[in-house]
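Dropping model-v7.pdb in here (PDB, C-alpha atoms):
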```pdb
ATOM      1  CA  MET A 270     117.363  83.067 104.649  1.00  0.00           C
ATOM      2  CA  ARG A 271     113.882  81.544 104.627  1.00  0.00           C
ATOM      3  CA  SER A 272     114.040  80.770 108.355  1.00  0.00           C
ATOM      4  CA  PHE A 273     115.268  84.316 109.064  1.00  0.00           C
ATOM      5  CA  LYS A 274     112.331  85.781 107.120  1.00  0.00           C
ATOM      6  CA  ARG A 275     109.885  83.499 108.943  1.00  0.00           C
ATOM      7  CA  TRP A 276     111.408  84.422 112.310  1.00  0.00           C
ATOM      8  CA  LEU A 277     111.214  88.114 111.422  1.00  0.00           C
ATOM      9  CA  ASP A 278     107.606  87.705 110.284  1.00  0.00           C
ATOM     10  CA  ARG A 279     106.522  86.031 113.523  1.00  0.00           C
ATOM     11  CA  SER A 280     108.568  87.890 116.133  1.00  0.00           C
ATOM     12  CA  LEU A 281     107.780  91.447 117.123  1.00  0.00           C
ATOM     13  CA  ALA A 282     111.007  91.538 119.150  1.00  0.00           C
ATOM     14  CA  ALA A 283     113.031  90.642 116.040  1.00  0.00           C
ATOM     15  CA  GLN A 284     111.280  93.397 114.116  1.00  0.00           C
ATOM     16  CA  ALA A 285     112.038  95.837 116.938  1.00  0.00           C
ATOM     17  CA  VAL A 286     115.741  94.964 116.861  1.00  0.00           C
ATOM     18  CA  LEU A 287     115.869  95.378 113.089  1.00  0.00           C
ATOM     19  CA  ILE A 288     114.021  98.718 113.228  1.00  0.00           C
ATOM     20  CA  PHE A 289     116.341  99.926 115.989  1.00  0.00           C
ATOM     21  CA  LEU A 290     119.484  99.011 114.053  1.00  0.00           C
ATOM     22  CA  VAL A 291     118.234 100.646 110.865  1.00  0.00           C
ATOM     23  CA  CYS A 292     117.236 103.788 112.774  1.00  0.00           C
ATOM     24  CA  VAL A 293     120.637 104.016 114.457  1.00  0.00           C
ATOM     25  CA  GLY A 294     122.341 103.618 111.080  1.00  0.00           C
ATOM     26  CA  VAL A 295     120.207 106.209 109.312  1.00  0.00           C
ATOM     27  CA  THR A 296     120.487 108.660 112.209  1.00  0.00           C
ATOM     28  CA  ALA A 297     124.264 108.174 112.232  1.00  0.00           C
ATOM     29  CA  LEU A 298     124.403 108.929 108.507  1.00  0.00           C
ATOM     30  CA  ILE A 299     122.232 112.015 108.763  1.00  0.00           C
ATOM     31  CA  ARG A 300     123.512 113.335 112.099  1.00  0.00           C
ATOM     32  CA  TRP A 301     127.108 112.121 111.964  1.00  0.00           C
ATOM     33  CA  ASP A 302     128.335 115.267 113.781  1.00  0.00           C
ATOM     34  CA  ARG A 303     126.139 114.627 116.838  1.00  0.00           C
ATOM     35  CA  ASP A 304     126.831 112.554 119.913  1.00  0.00           C
ATOM     36  CA  PRO A 305     126.252 108.791 119.384  1.00  0.00           C
ATOM     37  CA  VAL A 306     124.064 108.745 122.497  1.00  0.00           C
ATOM     38  CA  LEU A 307     121.579 110.940 120.625  1.00  0.00           C
ATOM     39  CA  TRP A 308     121.582 108.429 117.771  1.00  0.00           C
ATOM     40  CA  VAL A 309     120.586 105.685 120.179  1.00  0.00           C
ATOM     41  CA  VAL A 310     117.970 107.815 121.955  1.00  0.00           C
ATOM     42  CA  ARG A 311     116.324 108.849 118.673  1.00  0.00           C
ATOM     43  CA  ALA A 312     116.442 105.296 117.362  1.00  0.00           C
ATOM     44  CA  ALA A 313     114.849 104.023 120.577  1.00  0.00           C
ATOM     45  CA  LEU A 314     112.066 106.617 120.275  1.00  0.00           C
ATOM     46  CA  TYR A 315     111.389 105.786 116.624  1.00  0.00           C
ATOM     47  CA  THR A 316     111.498 102.071 117.399  1.00  0.00           C
ATOM     48  CA  ALA A 317     109.004 102.448 120.241  1.00  0.00           C
ATOM     49  CA  ILE A 318     106.605 104.325 117.946  1.00  0.00           C
ATOM     50  CA  ALA A 319     106.978 101.809 115.110  1.00  0.00           C
ATOM     51  CA  VAL A 320     106.599  98.756 117.375  1.00  0.00           C
ATOM     52  CA  THR A 321     103.492 100.250 118.980  1.00  0.00           C
ATOM     53  CA  ILE A 322     101.909 100.800 115.563  1.00  0.00           C
ATOM     54  CA  VAL A 323     102.824  97.280 114.404  1.00  0.00           C
ATOM     55  CA  ALA A 324     101.544  95.704 117.639  1.00  0.00           C
ATOM     56  CA  VAL A 325      98.191  97.498 117.354  1.00  0.00           C
ATOM     57  CA  GLN A 326      97.829  96.461 113.701  1.00  0.00           C
ATOM     58  CA  ARG A 327      98.707  92.847 114.512  1.00  0.00           C
ATOM     59  CA  ARG A 328      96.253  92.706 117.392  1.00  0.00           C
ATOM     60  CA  ARG A 329      93.514  94.066 115.148  1.00  0.00           C
ATOM     61  CA  ALA A 330      94.334  91.539 112.413  1.00  0.00           C
ATOM     62  CA  ARG A 331      94.429  88.676 114.950  1.00  0.00           C
ATOM     63  CA  ARG A 332      90.992  89.662 116.215  1.00  0.00           C
ATOM     64  CA  ALA A 333      89.621  89.900 112.685  1.00  0.00           C
ATOM     65  CA  ALA A 334      90.993  86.487 111.726  1.00  0.00           C
ATOM     66  CA  GLY A 335      90.293  84.866 115.078  1.00  0.00           C
ATOM     67  CA  THR A 336      93.771  83.366 115.375  1.00  0.00           C
ATOM     68  CA  ASP A 337      96.992  83.777 117.331  1.00  0.00           C
ATOM     69  CA  ALA A 338     100.245  85.470 116.212  1.00  0.00           C
ATOM     70  CA  ARG A 339     101.685  82.299 114.689  1.00  0.00           C
ATOM     71  CA  GLY A 340      98.464  81.584 112.808  1.00  0.00           C
ATOM     72  CA  LEU A 341      98.338  85.164 111.558  1.00  0.00           C
ATOM     73  CA  ALA A 342     101.901  84.915 110.259  1.00  0.00           C
ATOM     74  CA  GLU A 343     101.052  81.647 108.520  1.00  0.00           C
ATOM     75  CA  LEU A 344      97.938  83.149 106.934  1.00  0.00           C
ATOM     76  CA  GLY A 345      99.993  86.108 105.735  1.00  0.00           C
ATOM     77  CA  ARG A 346     102.575  83.773 104.217  1.00  0.00           C
ATOM     78  CA  ARG A 347      99.848  81.796 102.454  1.00  0.00           C
ATOM     79  CA  ILE A 348      98.317  84.970 101.070  1.00  0.00           C
ATOM     80  CA  ARG A 349     101.703  86.109  99.741  1.00  0.00           C
ATOM     81  CA  HIS A 350     102.281  82.714  98.105  1.00  0.00           C
ATOM     82  CA  ARG A 351      98.670  82.422  96.911  1.00  0.00           C
ATOM     83  CA  GLU A 352      98.093  79.169  98.771  1.00  0.00           C
ATOM     84  CA  VAL A 353      94.441  78.482  99.495  1.00  0.00           C
ATOM     85  CA  PRO A 354      94.011  76.436 102.688  1.00  0.00           C
ATOM     86  CA  THR A 355      92.051  73.201 102.544  1.00  0.00           C
ATOM     87  CA  ASP A 356      90.991  73.180 106.185  1.00  0.00           C
ATOM     88  CA  PRO A 357      87.545  74.809 106.578  1.00  0.00           C
ATOM     89  CA  GLU A 358      88.582  76.635 109.768  1.00  0.00           C
ATOM     90  CA  GLU A 359      91.691  78.057 108.115  1.00  0.00           C
ATOM     91  CA  ARG A 360      89.663  79.092 105.072  1.00  0.00           C
ATOM     92  CA  ALA A 361      87.158  80.877 107.308  1.00  0.00           C
ATOM     93  CA  ALA A 362      89.955  82.651 109.181  1.00  0.00           C
ATOM     94  CA  MET A 363      91.625  83.602 105.910  1.00  0.00           C
ATOM     95  CA  ARG A 364      88.344  84.859 104.482  1.00  0.00           C
ATOM     96  CA  LYS A 365      87.834  87.073 107.546  1.00  0.00           C
ATOM     97  CA  LEU A 366      91.400  88.349 107.358  1.00  0.00           C
ATOM     98  CA  VAL A 367      91.225  89.080 103.627  1.00  0.00           C
ATOM     99  CA  ASP A 368      87.897  90.894 104.015  1.00  0.00           C
ATOM    100  CA  ASP A 369      89.249  92.978 106.894  1.00  0.00           C
ATOM    101  CA  GLN A 370      92.455  93.864 105.061  1.00  0.00           C
ATOM    102  CA  GLN A 371      90.604  94.777 101.866  1.00  0.00           C
ATOM    103  CA  GLN A 372      88.299  97.062 103.823  1.00  0.00           C
ATOM    104  CA  ARG A 373      91.319  98.737 105.420  1.00  0.00           C
ATOM    105  CA  LEU A 374      92.894  99.251 101.987  1.00  0.00           C
ATOM    106  CA  GLU A 375      89.686 100.789 100.654  1.00  0.00           C
ATOM    107  CA  ARG A 376      89.376 103.121 103.642  1.00  0.00           C
ATOM    108  CA  SER A 377      92.993 104.245 103.391  1.00  0.00           C
ATOM    109  CA  ALA A 378      92.680 104.899  99.643  1.00  0.00           C
ATOM    110  CA  ARG A 379      90.606 107.962 100.415  1.00  0.00           C
ATOM    111  CA  TRP A 380      93.519 109.664 102.194  1.00  0.00           C
ATOM    112  CA  LEU A 381      96.348 108.364  99.995  1.00  0.00           C
ATOM    113  CA  PRO A 382      96.367 111.238  97.459  1.00  0.00           C
ATOM    114  CA  TYR A 383      96.566 113.760 100.303  1.00  0.00           C
ATOM    115  CA  TRP A 384      99.489 111.946 101.963  1.00  0.00           C
ATOM    116  CA  LEU A 385     101.330 111.650  98.666  1.00  0.00           C
ATOM    117  CA  ALA A 386     100.700 115.340  97.922  1.00  0.00           C
ATOM    118  CA  LEU A 387     101.946 116.297 101.385  1.00  0.00           C
ATOM    119  CA  MET A 388     105.164 114.326 100.861  1.00  0.00           C
ATOM    120  CA  GLY A 389     105.615 115.886  97.427  1.00  0.00           C
ATOM    121  CA  LEU A 390     105.018 119.347  98.868  1.00  0.00           C
ATOM    122  CA  ALA A 391     107.608 118.755 101.593  1.00  0.00           C
ATOM    123  CA  ALA A 392     110.143 117.579  98.989  1.00  0.00           C
ATOM    124  CA  ALA A 393     109.403 120.589  96.747  1.00  0.00           C
ATOM    125  CA  ALA A 394     109.694 122.996  99.682  1.00  0.00           C
ATOM    126  CA  LEU A 395     113.011 121.473 100.699  1.00  0.00           C
ATOM    127  CA  LEU A 396     114.244 121.758  97.105  1.00  0.00           C
ATOM    128  CA  ALA A 397     113.168 125.418  97.001  1.00  0.00           C
ATOM    129  CA  LEU A 398     114.946 126.015 100.299  1.00  0.00           C
ATOM    130  CA  GLY A 399     118.023 124.303  98.909  1.00  0.00           C
ATOM    131  CA  VAL A 400     117.997 126.536  95.820  1.00  0.00           C
ATOM    132  CA  ALA A 401     117.635 129.620  98.045  1.00  0.00           C
ATOM    133  CA  THR A 402     120.554 128.628 100.273  1.00  0.00           C
ATOM    134  CA  GLY A 403     122.717 127.180  97.514  1.00  0.00           C
ATOM    135  CA  SER A 404     122.877 123.697  99.033  1.00  0.00           C
ATOM    136  CA  LEU A 405     121.198 121.238  96.683  1.00  0.00           C
ATOM    137  CA  VAL A 406     122.723 117.883  97.615  1.00  0.00           C
ATOM    138  CA  PHE A 407     120.576 116.981 100.632  1.00  0.00           C
ATOM    139  CA  PRO A 408     117.319 118.430  99.207  1.00  0.00           C
ATOM    140  CA  PHE A 409     117.858 116.601  95.924  1.00  0.00           C
ATOM    141  CA  VAL A 410     118.577 113.306  97.680  1.00  0.00           C
ATOM    142  CA  PHE A 411     115.532 113.862  99.891  1.00  0.00           C
ATOM    143  CA  ALA A 412     113.325 114.589  96.867  1.00  0.00           C
ATOM    144  CA  LEU A 413     114.559 111.455  95.091  1.00  0.00           C
ATOM    145  CA  GLY A 414     114.025 109.399  98.221  1.00  0.00           C
ATOM    146  CA  THR A 415     110.533 110.815  98.653  1.00  0.00           C
ATOM    147  CA  ALA A 416     109.638 110.070  95.035  1.00  0.00           C
ATOM    148  CA  ALA A 417     111.002 106.522  95.358  1.00  0.00           C
ATOM    149  CA  PHE A 418     109.064 106.019  98.605  1.00  0.00           C
ATOM    150  CA  CYS A 419     105.803 107.259  97.035  1.00  0.00           C
ATOM    151  CA  LEU A 420     106.267 104.969  94.032  1.00  0.00           C
ATOM    152  CA  TRP A 421     107.020 102.046  96.368  1.00  0.00           C
ATOM    153  CA  ILE A 422     103.817 102.759  98.322  1.00  0.00           C
ATOM    154  CA  LEU A 423     101.749 102.763  95.143  1.00  0.00           C
ATOM    155  CA  TRP A 424     103.410  99.568  93.876  1.00  0.00           C
ATOM    156  CA  MET A 425     102.902  97.746  97.199  1.00  0.00           C
ATOM    157  CA  ARG A 426      99.245  98.816  97.390  1.00  0.00           C
ATOM    158  CA  ARG A 427      98.645  97.476  93.877  1.00  0.00           C
ATOM    159  CA  ARG A 428     100.377  94.160  94.703  1.00  0.00           C
ATOM    160  CA  THR A 429      98.474  93.847  97.955  1.00  0.00           C
ATOM    161  CA  ARG A 430      95.124  94.553  96.289  1.00  0.00           C
ATOM    162  CA  GLU A 431      95.907  91.931  93.635  1.00  0.00           C
ATOM    163  CA  ARG A 432      96.840  89.360  96.291  1.00  0.00           C
ATOM    164  CA  TYR A 433      93.717  89.976  98.347  1.00  0.00           C
ATOM    165  CA  GLY A 434      91.539  90.006  95.242  1.00  0.00           C
ATOM    166  CA  TYR A 435      93.003  86.699  94.086  1.00  0.00           C
ATOM    167  CA  MET A 436      92.602  85.130  97.519  1.00  0.00           C
ATOM    168  CA  ARG A 437      89.057  86.416  97.927  1.00  0.00           C
ATOM    169  CA  SER A 438      87.995  84.980  94.549  1.00  0.00           C
ATOM    170  CA  ALA A 439      89.793  81.685  95.246  1.00  0.00           C
ATOM    171  CA  LEU A 440      88.079  81.378  98.621  1.00  0.00           C
ATOM    172  CA  GLN A 441      84.709  82.232  97.055  1.00  0.00           C
ATOM    173  CA  GLU A 442      85.194  79.638  94.294  1.00  0.00           C
ATOM    174  CA  GLU A 443      86.034  76.905  96.780  1.00  0.00           C
ATOM    175  CA  HIS A 444      83.136  77.980  98.984  1.00  0.00           C
ATOM    176  CA  GLU A 445      80.749  77.753  96.004  1.00  0.00           C
ATOM    177  CA  HIS A 446      82.130  74.338  94.988  1.00  0.00           C
ATOM    178  CA  VAL A 447      81.659  72.996  98.506  1.00  0.00           C
ATOM    179  CA  SER A 448      78.096  74.348  98.827  1.00  0.00           C
TER
END
```

Turn this file's structure into structure tokens for me.
Amino acid sequence: MRSFKRWLDRSLAAQAVLIFLVCVGVTALIRWDRDPVLWVVRAALYTAIAVTIVAVQRRRARRAAGTDARGLAELGRRIRHREVPTDPEERAAMRKLVDDQQQRLERSARWLPYWLALMGLAAAALLALGVATGSLVFPFVFALGTAAFCLWILWMRRRTRERYGYMRSALQEEHEHVS
């Protein structure tokens, strides 16, 4: 399992395959009465969009850290496991990456309440539409899924901020001890 996670973390092609399979499965569940070709076409479109977004984010992070894809994956793993590198070059790359990612989190925090409100509004509108038409199963499941997704976003942001905060202070402490 550990090698699978590492392979998935490093390989954009592996992520694309996983995204495609999940999209086909979800589309098949939601649109089970449609032609399977449409499932594949929609999944391919969603996969292309997701992979483009991930590739742009990775390229930006690689530039910020000054490392390649493998080095970026290793830095990400070390941040998740709270391992502070001993090599000065790796510490400098990690410091740049942590600073860049913290700045991105701070910038995105400004728009987060609006995105969460928009998702809540869409779920409430779908529930109201479901009450009006008498079909509550899908709107209720959608509202629960939306609420779970919003809570997951908030939880992941908090965990990520804690990780970056820990790593930033650990890198600062080691930098002060060395100086």

If you apply the PyMOL selection byres ((chain A and resi 341) around 9) to this file, what residues do you get, as a PDB file with C-alpha atoms, keeping the file's coordinate frame?
```
ATOM      1  CA  ARG A 279     106.522  86.031 113.523  1.00  0.00           C
ATOM      2  CA  ARG A 327      98.707  92.847 114.512  1.00  0.00           C
ATOM      3  CA  ALA A 330      94.334  91.539 112.413  1.00  0.00           C
ATOM      4  CA  ARG A 331      94.429  88.676 114.950  1.00  0.00           C
ATOM      5  CA  ALA A 334      90.993  86.487 111.726  1.00  0.00           C
ATOM      6  CA  GLY A 335      90.293  84.866 115.078  1.00  0.00           C
ATOM      7  CA  THR A 336      93.771  83.366 115.375  1.00  0.00           C
ATOM      8  CA  ASP A 337      96.992  83.777 117.331  1.00  0.00           C
ATOM      9  CA  ALA A 338     100.245  85.470 116.212  1.00  0.00           C
ATOM     10  CA  ARG A 339     101.685  82.299 114.689  1.00  0.00           C
ATOM     11  CA  GLY A 340      98.464  81.584 112.808  1.00  0.00           C
ATOM     12  CA  ALA A 342     101.901  84.915 110.259  1.00  0.00           C
ATOM     13  CA  GLU A 343     101.052  81.647 108.520  1.00  0.00           C
ATOM     14  CA  LEU A 344      97.938  83.149 106.934  1.00  0.00           C
ATOM     15  CA  GLY A 345      99.993  86.108 105.735  1.00  0.00           C
ATOM     16  CA  ARG A 346     102.575  83.773 104.217  1.00  0.00           C
ATOM     17  CA  MET A 363      91.625  83.602 105.910  1.00  0.00           C
ATOM     18  CA  LEU A 366      91.400  88.349 107.358  1.00  0.00           C
TER      19      LEU A 366
END
```

>> Starting from the PyMOL selection byres ((chain A and resi 364) around 9), expand the selection into actual residues of this file and give them as a list in words.
In response: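 What the PyMOL selection byres ((chain A and resi 364) around 9) grabs from the file is Ala334, Glu359, Arg360, Ala361, Ala362, Met363, Lys365, Leu366, Val367, Asp368, Asp369, Met436, Arg437, Leu440 and Gln441 of chain A.
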
Where does the PyMOL selection byres ((chain A and resi 311-326) around 10) land in this file, that is, which residues does it pick, as a compact mmCIF listing (two decimals) with C-alpha atoms, in the frame of the given file?
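Writing the result to result-v1.txt gives the following:
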```txt
# COMPACT_ATOMS: atom_id res chain seq x y z
CA LEU A 281 107.78 91.45 117.12
CA ALA A 282 111.01 91.54 119.15
CA GLN A 284 111.28 93.40 114.12
CA ALA A 285 112.04 95.84 116.94
CA VAL A 286 115.74 94.96 116.86
CA LEU A 287 115.87 95.38 113.09
CA ILE A 288 114.02 98.72 113.23
CA PHE A 289 116.34 99.93 115.99
CA LEU A 290 119.48 99.01 114.05
CA VAL A 291 118.23 100.65 110.86
CA CYS A 292 117.24 103.79 112.77
CA VAL A 293 120.64 104.02 114.46
CA GLY A 294 122.34 103.62 111.08
CA VAL A 295 120.21 106.21 109.31
CA THR A 296 120.49 108.66 112.21
CA ALA A 297 124.26 108.17 112.23
CA PRO A 305 126.25 108.79 119.38
CA VAL A 306 124.06 108.74 122.50
CA LEU A 307 121.58 110.94 120.62
CA TRP A 308 121.58 108.43 117.77
CA VAL A 309 120.59 105.68 120.18
CA VAL A 310 117.97 107.82 121.96
CA ARG A 327 98.71 92.85 114.51
CA ARG A 328 96.25 92.71 117.39
CA ARG A 329 93.51 94.07 115.15
CA ALA A 330 94.33 91.54 112.41
CA ARG A 331 94.43 88.68 114.95
CA ARG A 332 90.99 89.66 116.22
```

> What is the distance between atom CA of A:Ala392 and atom CA of A:Ser404, in Å to one decimal?
Replying inline: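 Interatomic distance here is 14.1 Å.
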
>> Just to confirm, what's the straight-line distance from atom CA of A:Val410 to atom CA of A:Ala386 in Å (one decimal)?
In response: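 A separation of 18.0 Å between them.
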
> Between atom CA of A:Phe409 and atom CA of A:Trp421, what is the distance, to one decimal in Å?
Replying inline: 18.2 Å

As JSON, please: the centre and edge lengths in Å, to one decimal, of an axis-aligned box enclosing every listed atom of stretch 300-305 of chain A with 4 Å added on each side.
```
{"center_x": 125.9, "center_y": 112.0, "center_z": 115.9, "size_x": 12.8, "size_y": 14.5, "size_z": 15.9}
```

> Which residue out of A:Ile348, A:Asp302, A:Val353, A:Thr429 has the minimum interatomic distance to A:Arg373 when all atoms listed in the file are used?
Replying inline: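 Ranking A:Ile348, A:Asp302, A:Val353, A:Thr429 by distance to A:Arg373, first place goes to A:Thr429.
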
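Each of A:Ala333, A:Thr355, A:Tyr383, A:Thr402 was compared to A:Ala439 using all atoms listed in the file, and A:Thr355 turns out to be the nearest.
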